[in-house]
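Asks: Pasting a structure here, questions to come.
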Amino acid sequence: MQDEKYNNIFANNKKWVADKVNSQKDFFHRHYESQNPDYLYIGCSDSRVPANEITGLDMGDLFVHRNIANVVANNDVNTMSILQYAVEVLEVKHIVVCGHYGCGGIKAAMQPHSFGVLDNWLRNIRDVYRFHKLELDDYKVEEARMDRLAELNVEEQCMNVIKNAAIQEAYILNNRPQVHGWIYDMRNGVLKDLNINFEEMLKKVQEIYNLEEDVKKHQ
């Protein structure tokens, strides 16, 4: 037997549809025809971090991909496909990796315990901890250490985005997308730009992953 909360979802949907149609009669037809978002948002699956709400953007403004702790893993076909589709088909201008303070994935990755199959995913975050262990171990308060690891994880995942071949090719050919790192603070609702140096990151990546000559050959 379905509970009342479940049934309310469909009642809420009907009200939402009515409100949209009353304000814009062609609202759903217009969105059905195409999408043209400027942003790809890669965020955490946490139910307390709704992408459109925290950014104040409407339907069609964000192309969204979410997973535990906003990881961009090069062996994750899902994420790699999202990146390619975003730059080659949607032609997004910006890619945002958004982490958040109080992230359960970050907290789990900091614990010396096995979580079964989840360990395979947490290893991506534990590697970030390993890269920055000296800095992180200076934080004596666990919450502060978690906050800093969340920020460092965003920076590392931004680097993983930039390493992607489709991203490099799109940037070489079209001077887009720009890559950004954000943090959302659930304690006060504030969204913070980490101001990662995209150009500097790109330069570092291209020292090893440089595809410029290859792209120019096929133009």
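Starting from 1 in every chain, residues are counted up; chains themselves are A, B, ... following the order of the structure tokens, and ligands are numbered from 1 as listed.
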Can you tell me, as a PyMOL selection string, what residues are no more than 8 Å from range 57-73 of chain A when counting only C-alpha atoms, ignoring any on the same chain fewer than 3 positions away?
Replies: chain A and resi 31+35-46+51-53+76+79-80+82+86+97-99+103-106+124-125+153-154+157-158+160-161
Asks: Enter the distance from CA of Phe198 in chain A to CA of Asn164 in chain A, in Å, rounded to one decimal.
Replies: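 So the answer is 13.9 Å.
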Asks: Just give me the gap between CA of His29 in chain A and CA of Lys15 in chain A in Å, one decimal is fine.
Replies: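 It comes out at 17.7 Å.
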Asks: Mind giving me the straight-line distance from CA of Trp121 in chain A to CA of Trp182 in chain A in Å, one decimal?
Replies: 21.0 Å
Asks: Residues of range 48-177 of chain A classed as helix (DSSP H, G or I) by DSSP on the backbone are to be reported as a PyMOL selection string.
Replies: chain A and resi 51-55+77-88+104-109+118-131+133-136+142-163+165-174
Asks: Could you take the residues named above and write them with C-alpha atoms, as a PDB file, in the first residue's frame?
Replies:
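Output saved as part01.pdb:
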```
ATOM      1  CA  ALA A  51      21.352  22.142  -8.255  1.00  0.00           C
ATOM      2  CA  ASN A  52      18.702  24.445  -9.729  1.00  0.00           C
ATOM      3  CA  GLU A  53      17.532  25.748  -6.368  1.00  0.00           C
ATOM      4  CA  ILE A  54      20.927  26.718  -4.966  1.00  0.00           C
ATOM      5  CA  THR A  55      21.884  28.462  -8.223  1.00  0.00           C
ATOM      6  CA  VAL A  77      31.716   5.712 -18.789  1.00  0.00           C
ATOM      7  CA  ASN A  78      28.664   7.579 -17.526  1.00  0.00           C
ATOM      8  CA  THR A  79      30.596  10.698 -16.550  1.00  0.00           C
ATOM      9  CA  MET A  80      32.845  10.578 -19.625  1.00  0.00           C
ATOM     10  CA  SER A  81      29.759  10.337 -21.867  1.00  0.00           C
ATOM     11  CA  ILE A  82      28.152  13.286 -20.088  1.00  0.00           C
ATOM     12  CA  LEU A  83      31.266  15.419 -20.654  1.00  0.00           C
ATOM     13  CA  GLN A  84      31.431  14.573 -24.342  1.00  0.00           C
ATOM     14  CA  TYR A  85      27.722  15.169 -24.924  1.00  0.00           C
ATOM     15  CA  ALA A  86      27.847  18.475 -23.033  1.00  0.00           C
ATOM     16  CA  VAL A  87      30.651  19.962 -25.130  1.00  0.00           C
ATOM     17  CA  GLU A  88      30.020  18.359 -28.526  1.00  0.00           C
ATOM     18  CA  GLY A 104      28.834  11.913   3.485  1.00  0.00           C
ATOM     19  CA  GLY A 105      31.157  10.596   0.770  1.00  0.00           C
ATOM     20  CA  ILE A 106      33.982  12.798   1.996  1.00  0.00           C
ATOM     21  CA  LYS A 107      33.370  11.705   5.592  1.00  0.00           C
ATOM     22  CA  ALA A 108      33.342   8.017   4.635  1.00  0.00           C
ATOM     23  CA  ALA A 109      36.551   8.365   2.625  1.00  0.00           C
ATOM     24  CA  LEU A 118      31.472   1.587  -2.122  1.00  0.00           C
ATOM     25  CA  ASP A 119      35.228   1.315  -1.488  1.00  0.00           C
ATOM     26  CA  ASN A 120      35.824   1.277  -5.243  1.00  0.00           C
ATOM     27  CA  TRP A 121      34.235   4.718  -5.519  1.00  0.00           C
ATOM     28  CA  LEU A 122      35.691   6.133  -2.308  1.00  0.00           C
ATOM     29  CA  ARG A 123      39.172   5.276  -3.552  1.00  0.00           C
ATOM     30  CA  ASN A 124      38.929   8.310  -5.850  1.00  0.00           C
ATOM     31  CA  ILE A 125      38.509  10.571  -2.816  1.00  0.00           C
ATOM     32  CA  ARG A 126      41.052   8.695  -0.715  1.00  0.00           C
ATOM     33  CA  ASP A 127      43.577   9.334  -3.473  1.00  0.00           C
ATOM     34  CA  VAL A 128      42.878  13.060  -3.100  1.00  0.00           C
ATOM     35  CA  TYR A 129      43.564  12.701   0.631  1.00  0.00           C
ATOM     36  CA  ARG A 130      46.830  10.904  -0.180  1.00  0.00           C
ATOM     37  CA  PHE A 131      47.926  13.677  -2.547  1.00  0.00           C
ATOM     38  CA  LYS A 133      47.942  14.349   3.325  1.00  0.00           C
ATOM     39  CA  LEU A 134      50.538  16.733   4.773  1.00  0.00           C
ATOM     40  CA  GLU A 135      48.222  19.713   4.503  1.00  0.00           C
ATOM     41  CA  LEU A 136      45.140  17.854   5.726  1.00  0.00           C
ATOM     42  CA  GLU A 142      37.783  16.866  12.042  1.00  0.00           C
ATOM     43  CA  GLU A 143      35.075  19.126  10.618  1.00  0.00           C
ATOM     44  CA  ALA A 144      37.686  21.599   9.365  1.00  0.00           C
ATOM     45  CA  ARG A 145      39.653  18.722   7.812  1.00  0.00           C
ATOM     46  CA  MET A 146      36.503  17.458   6.102  1.00  0.00           C
ATOM     47  CA  ASP A 147      35.734  20.924   4.767  1.00  0.00           C
ATOM     48  CA  ARG A 148      39.223  21.258   3.318  1.00  0.00           C
ATOM     49  CA  LEU A 149      39.125  17.794   1.753  1.00  0.00           C
ATOM     50  CA  ALA A 150      35.794  18.704   0.121  1.00  0.00           C
ATOM     51  CA  GLU A 151      37.491  21.751  -1.434  1.00  0.00           C
ATOM     52  CA  LEU A 152      40.563  19.805  -2.536  1.00  0.00           C
ATOM     53  CA  ASN A 153      38.341  17.102  -4.001  1.00  0.00           C
ATOM     54  CA  VAL A 154      36.570  19.725  -6.120  1.00  0.00           C
ATOM     55  CA  GLU A 155      39.929  21.011  -7.376  1.00  0.00           C
ATOM     56  CA  GLU A 156      41.138  17.512  -8.274  1.00  0.00           C
ATOM     57  CA  GLN A 157      37.893  16.694 -10.070  1.00  0.00           C
ATOM     58  CA  CYS A 158      38.199  19.944 -12.030  1.00  0.00           C
ATOM     59  CA  MET A 159      41.641  18.740 -13.089  1.00  0.00           C
ATOM     60  CA  ASN A 160      40.106  15.440 -14.182  1.00  0.00           C
ATOM     61  CA  VAL A 161      37.580  17.334 -16.298  1.00  0.00           C
ATOM     62  CA  ILE A 162      40.357  19.295 -17.983  1.00  0.00           C
ATOM     63  CA  LYS A 163      42.314  16.096 -18.719  1.00  0.00           C
ATOM     64  CA  ALA A 165      40.095  14.646 -24.479  1.00  0.00           C
ATOM     65  CA  ALA A 166      36.670  16.002 -25.499  1.00  0.00           C
ATOM     66  CA  ILE A 167      37.112  19.005 -23.195  1.00  0.00           C
ATOM     67  CA  GLN A 168      40.572  19.797 -24.513  1.00  0.00           C
ATOM     68  CA  GLU A 169      39.449  19.475 -28.110  1.00  0.00           C
ATOM     69  CA  ALA A 170      36.437  21.747 -27.563  1.00  0.00           C
ATOM     70  CA  TYR A 171      38.610  24.372 -25.889  1.00  0.00           C
ATOM     71  CA  ILE A 172      41.263  24.283 -28.609  1.00  0.00           C
ATOM     72  CA  LEU A 173      38.667  24.637 -31.371  1.00  0.00           C
ATOM     73  CA  ASN A 174      36.138  26.970 -29.725  1.00  0.00           C
TER      74      ASN A 174
END
```
Asks: Tell me which of A:Val117, A:Leu202, A:Ile9, A:Val21 sits closest to Pro177 in chain A, counting only C-alpha atoms.
Replies: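 Checking each of A:Val117, A:Leu202, A:Ile9, A:Val21 against Pro177 in chain A, counting only C-alpha atoms, the winner is A:Leu202.
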